[in-house]
Amino acid sequence: MIDTGVEANKPQAKESICSDDDDRCQWLRSTAVILSCAALLVPHTGCASSSRSIAVVVTSDDQSQRLAKQPDIHFICSELGSGGNIIYVDEHQTYQQIEGFGAAFTDSATYLLNEVALPSARDTALRDLFTRAGDGIGLSFMRNPMGATDIARSVYSFDDNDGQADPDLSMFSIAHDRVDIIPIILQAKGFNPQLRIMANPWSPPGWMKTSGTMLGGSLLPNMNSVFSDYFIKYFQAYAAEGISIDYLSLQNEPLYDVTLDPNPYPGMLMDPATQSAVLHDYLLSALAANGIGTKVLIYDHRWTDPYYPEDVFGDPTVLNSSEVVGIAWHGYAGTPGVMSPMQNLYSGKGQYLTEHSGFTTDSDHVRLDFENITQIMRNWSKTYVKWSVALDQNQGPHTGGCATCTPLVTVENPSGIVSYTIEYYTMGHFSKYVLPGAIRVYSNNAAGIIDVAFLNPDTSKVLVAFNDTTMTRSFEVQWGDQSFSYTLPGLSGATFIWEGGQEGSYTVSARSQIQASSFNSTGGDSQSTIETTFGLQTENTSDANGGYDVGSSNDGDYAVYNNIDFGSSGVGVVNVRLACDVNNGGNCGGTVEFHLDSLDGLPAGSVSIPATGGWQVWSTETGTASGATGVHDLYVIFRSPASGTTNLGSMNWFQFN
């Protein structure tokens with residue numbers, strides 16, 4: 001049997017009223033969008049003649065509801081006024097294409113699923129993990145470690161050779177993976193043939209390294225070519241098993257010295273120069289020569305060190321390679337906001353969040369997941385990948401490594417009973433309804449509500465919203481010329497799904513409180529080089545109503561807010577919520593300037609940035625506003641008396657009166 005803990009709250013697919021030979025309905029069933037197929041068959045002839053239904057699922061902070069189906073709600077034909085707490089969804093403003101959500105096929109996870117789980121429980125869990133039918137959450141982007149990790153039962157590579165050098169890789173073998181990992185991957189791909197897989201090593205064989213072991217050290221200079229061949233052997237061996245590898249990165253967390261960890265595990269240091277050299281001199285040409293279509297992601301580590309991918313992309317061969325498609329990030333330090341200035345700097349490359357584990361020490365998984373996934377998606381990531389897809393009741397088994405990481409499913413050992421953690425459901429709010437190939441579209445954050453919106457390949461729309469406060473909060477959603485209202489309990493999240501095409505656009509009242517994180521785009525002089533200045537980025541705020549503020553501001557950085565309506569009578573005052581810590585790197589005393597339609601457009605107001613006593617100590621500052629009437633794109637620019645000054649302050653919201 002399988003124990004999910006919340007059988008009564010699981011969403012059930014609606015009974016279809018479609019005929020079996022209706023292709024559109026067959027497609028809808030295959031993606032498990034839970035709307036009635038009848039909606040696809042009714043032409044939309046204008047807001048006045050249609051009231052679209054919206055499917056809703058909710059997860060509450062007390063976990064009494066977990067991905068629980070709610071009664072459908074409906075749009076009304078109305079453009080909202082300036083008084084409500086409004087989320088504007090505009091599918092005509094588009095951002096990154098989503099490739100998928102997932103976790104990792106660790107050695108421990110696949111062992112538990114393949115050898116410990118009861119066969120019926122395993123089959124049900126794999127179906128739920130990798131399909132969207134019924135209770136399934138449709139994972140579609142999985143990570144497959146090349147050898148041992150911090151979640152593994154032993155230390156192993158694919159060419160250990162008793163520690164003896166094997167530069168010809170004559171002893172290379174994936175026999176270890178044939179026992180548990182490959183059988184589970186093949187079953188997962190059977191449930192989801194579109195499943196994409198990323199592979200990378202925590203460490204190559206010890207004989208390739210300065211340490212002589214898989215724990216610590218760096219790649220020996222004369223092993224760059226052999227290391228490249230190690231990848232080629234792996235891809236070919238997996239292909240022979242019927243598994244293609246879609247993405248690779250050269251090294252997991254290349255800046256982390258695992259020997260300093262309290263529980264050391266396989267790992268290797270790799271500086272940017274080595275990563276560039278391996279790609280430039282060996283691996284890119286080897287992939288081409290062997291007809292291997294695996295794409296490359298560089299870096300694969302924390303948000304705090306964007307200099308690393310910048311240094312790797314300093315090699316023109318790597319930067320200009322069509323096989324190098326983006327930057328992989330891990331969510332353990334820094335803020336997801338750094339991905340936006342990196343996207344501005346390297347617009348031809350993608351951002352990929354490839355690891356972000358939950359921990360037993362986390363105080364509130366519901367809040368953390370909704371905050372993290374939403375912010376990561378709002379900052380251009382094409383993926384969101386948890387760490388180990390399964391663990392046992394003791395967060396194991398493992399040799400060294402993470403003793404507090406949490407999975408999506410728990411396999412009790414030795415009983416073999418499978419249960420689903422809360423992270424299964426929070427992930428499902430995204431992975432079940434946001435299909436591979438979806439496009440993120442514009443939506444703003446409202447006061448106390450964070451959200452992100454998507455346009456699916458089948459044209460359905462998805463909005464994920466989370467009440468980031470402890471109090472029940474109501475909000476309104478405007479989509480073109482239609483709107484709906486909803487109320488969420490404190491720290492609870494909802495996914496809304498609907499069909500149809502947007503008619504009309506939106507305007508935002510300048511007199512409403514506009515969240516700084518609701519920008520349509522960002523830019524600035526500081527983003528021409530990330531090594532010393534990161535550029536504007538969102539971060540979690542502890543200010544009232546939660547959500548995200550915009551920090552890391554430097555002289556000349558700016559954010560753009562489209563369709564701001566100042567009305568016919570103009571405005572006289574602008575209030576701005578600001579923070580700056582002069583004792584912790586802040587260069588307070590600059591200004592926030594507001595300009596209409598361009599960086600040097602008509603000035604509409606300015607406010608001085610004070611020293612507030614901390615980066616999360618907030619003050620509402622007031623400045624004079626003038627000259628603005630009608631609807632404009634608003635450019636909000638950070639300025640300093642001294643050109644090039646960094647760390648001018650953070651902004652949470654602004655409001656004209």
# chains A, B, ... in the order shown; residues from 1 in each chain; ligands from 1
>>> residues_around(residues="Pro266 of chain A", least_positions_apart="3", cutoff="6 Å", atoms="only C-alpha atoms", output="list in words")
Thr149, Trp202, Ser203, Met214 and Leu215 of chain A
>>> select_by_dssp(residues="segment 57-159 of chain A", states="strand (DSSP E)", output="PyMOL selection string")
chain A and resi 57-59+68-74+86-97+100-104+141-145
>>> write_last_selection(atoms="N, CA and C atoms", output="short mmCIF file (atom, residue, chain, number, x, y, z; two decimals), in the first residue's frame")
data_model
loop_
_atom_site.label_atom_id
_atom_site.label_comp_id
_atom_site.auth_asym_id
_atom_site.auth_seq_id
_atom_site.Cartn_x
_atom_site.Cartn_y
_atom_site.Cartn_z
N VAL A 57 -6.34 24.78 -7.03
CA VAL A 57 -5.85 23.83 -6.01
C VAL A 57 -5.08 24.63 -4.96
N VAL A 58 -5.15 24.18 -3.70
CA VAL A 58 -4.60 24.93 -2.58
C VAL A 58 -3.78 24.01 -1.69
N THR A 59 -2.66 24.54 -1.19
CA THR A 59 -1.92 23.92 -0.10
C THR A 59 -1.84 24.93 1.04
N ALA A 68 -4.97 20.45 -2.82
CA ALA A 68 -6.38 20.05 -2.71
C ALA A 68 -7.24 20.83 -3.69
N LYS A 69 -8.06 20.11 -4.45
CA LYS A 69 -8.97 20.72 -5.41
C LYS A 69 -10.01 21.54 -4.68
N GLN A 70 -10.24 22.77 -5.17
CA GLN A 70 -11.24 23.68 -4.63
C GLN A 70 -12.37 23.83 -5.64
N PRO A 71 -13.51 24.39 -5.23
CA PRO A 71 -14.57 24.67 -6.21
C PRO A 71 -14.07 25.63 -7.28
N ASP A 72 -14.47 25.37 -8.53
CA ASP A 72 -14.10 26.29 -9.61
C ASP A 72 -14.63 27.68 -9.32
N ILE A 73 -13.89 28.67 -9.77
CA ILE A 73 -14.35 30.05 -9.73
C ILE A 73 -14.46 30.55 -11.16
N HIS A 74 -14.91 31.78 -11.35
CA HIS A 74 -15.15 32.29 -12.70
C HIS A 74 -14.66 33.73 -12.83
N ILE A 86 -4.19 44.11 -6.42
CA ILE A 86 -4.39 43.54 -7.75
C ILE A 86 -3.13 42.88 -8.28
N ILE A 87 -3.31 41.66 -8.84
CA ILE A 87 -2.29 40.99 -9.64
C ILE A 87 -2.70 41.15 -11.10
N TYR A 88 -1.82 41.71 -11.91
CA TYR A 88 -2.07 41.84 -13.34
C TYR A 88 -1.31 40.74 -14.07
N VAL A 89 -2.02 39.95 -14.87
CA VAL A 89 -1.41 38.91 -15.68
C VAL A 89 -1.50 39.33 -17.13
N ASP A 90 -0.35 39.41 -17.80
CA ASP A 90 -0.31 39.85 -19.20
C ASP A 90 0.48 38.83 -20.01
N GLU A 91 -0.24 37.97 -20.73
CA GLU A 91 0.42 36.92 -21.50
C GLU A 91 1.14 37.45 -22.73
N HIS A 92 1.00 38.74 -23.05
CA HIS A 92 1.68 39.32 -24.20
C HIS A 92 3.10 39.75 -23.88
N GLN A 93 3.46 39.80 -22.57
CA GLN A 93 4.83 40.08 -22.17
C GLN A 93 5.46 38.76 -21.73
N THR A 94 6.44 38.29 -22.46
CA THR A 94 6.96 36.94 -22.24
C THR A 94 8.43 36.97 -21.82
N TYR A 95 8.83 35.90 -21.12
CA TYR A 95 10.19 35.78 -20.60
C TYR A 95 10.76 34.42 -20.99
N GLN A 96 11.25 33.61 -20.06
CA GLN A 96 11.95 32.37 -20.41
C GLN A 96 10.98 31.23 -20.69
N GLN A 97 11.48 30.26 -21.46
CA GLN A 97 10.74 29.02 -21.69
C GLN A 97 11.11 28.01 -20.61
N GLY A 100 11.40 22.34 -17.20
CA GLY A 100 10.86 21.33 -16.32
C GLY A 100 11.23 21.51 -14.86
N PHE A 101 10.60 20.65 -14.05
CA PHE A 101 10.80 20.61 -12.60
C PHE A 101 11.18 19.17 -12.24
N GLY A 102 12.00 19.01 -11.20
CA GLY A 102 12.39 17.65 -10.88
C GLY A 102 13.21 17.52 -9.62
N ALA A 103 14.01 16.45 -9.57
CA ALA A 103 14.88 16.14 -8.43
C ALA A 103 16.02 15.28 -8.97
N ALA A 104 16.69 14.54 -8.10
CA ALA A 104 17.88 13.79 -8.52
C ALA A 104 17.72 12.30 -8.27
N PHE A 141 12.38 17.05 -15.39
CA PHE A 141 13.80 17.40 -15.52
C PHE A 141 14.52 16.82 -14.33
N MET A 142 15.30 15.75 -14.56
CA MET A 142 15.95 15.03 -13.47
C MET A 142 17.46 15.10 -13.59
N ARG A 143 18.11 15.09 -12.45
CA ARG A 143 19.57 15.12 -12.39
C ARG A 143 20.08 13.71 -12.07
N ASN A 144 21.11 13.26 -12.79
CA ASN A 144 21.65 11.92 -12.59
C ASN A 144 23.15 12.02 -12.30
N PRO A 145 23.55 11.87 -11.04
CA PRO A 145 24.98 12.00 -10.70
C PRO A 145 25.83 10.95 -11.38
#
>>> closest_atom_pairs(of="segment 403-515 of chain A", to="segment 357-379 of chain A", cutoff="6 Å", atoms="only C-alpha atoms", output="tab-separated table")
residue	atom	partner	partner_atom	distance
A:Thr404	CA	A:Thr360	CA	5.2
A:Cys405	CA	A:Phe359	CA	4.5
A:Thr406	CA	A:Gly358	CA	5.1
A:Val452	CA	A:Thr374	CA	6.0
>>> closest_residue(among="A:Asn200, A:Asn290, A:Asn413, A:Gln351", to="Leu113 of chain A", atoms="only C-alpha atoms")
A:Asn413
>>> residues_around(residues="Ile151 of chain A", least_positions_apart="2", cutoff="8 Å", atoms="only C-alpha atoms", output="PyMOL selection string")
chain A and resi 106-108+148-149+153+388+396-399+401-402
>>> select_by_dssp(residues="segment 197-302 of chain A", states="helix (DSSP H, G or I)", output="PyMOL selection string")
chain A and resi 206-208+221-240+258-260+272-289
>>> atom_distance(atom1="atom CA of Met270 of chain A", atom2="atom CA of Trp380 of chain A")
25.8 Å
>>> atom_distance(atom1="atom CA of Gly567 of chain A", atom2="atom CA of Gly623 of chain A")
18.8 Å
>>> residues_around(residues="Gly614 of chain A", least_positions_apart="3", cutoff="8 Å", atoms="only C-alpha atoms", output="list in words")
Ala579, Cys580, Asp581, Val582, Asn583, Asn584, Ala611, Val617 and Trp618 of chain A
>>> closest_residue(among="A:Ala199, A:Lys432, A:Pro119, A:Ser322", to="Ala133 of chain A", atoms="only C-alpha atoms")
A:Lys432
>>> closest_residue(among="A:Asp271, A:Asp458, A:Asp160, A:Glu476", to="Ile497 of chain A", atoms="only C-alpha atoms")
A:Asp458
>>> residues_around(residues="segment 536-539 of chain A", least_positions_apart="5", cutoff="6 Å", atoms="only C-alpha atoms", output="number ranges by chain")
A: 335, 337-338, 548-553
>>> closest_residue(among="A:Asn563, A:Ser120, A:Ser492, A:Asn657", to="Thr472 of chain A", atoms="only C-alpha atoms")
A:Ser492
>>> closest_residue(among="A:Lys233, A:His176, A:His280, A:His301", to="Asn252 of chain A", atoms="only C-alpha atoms")
A:His301
>>> residues_around(residues="segment 634-651 of chain A", least_positions_apart="3", cutoff="6 Å", atoms="only C-alpha atoms", output="number ranges by chain")
A: 549-561, 577-580, 586-588, 590-597
>>> atom_distance(atom1="atom CA of Gly291 of chain A", atom2="atom CA of Lys189 of chain A")
22.4 Å
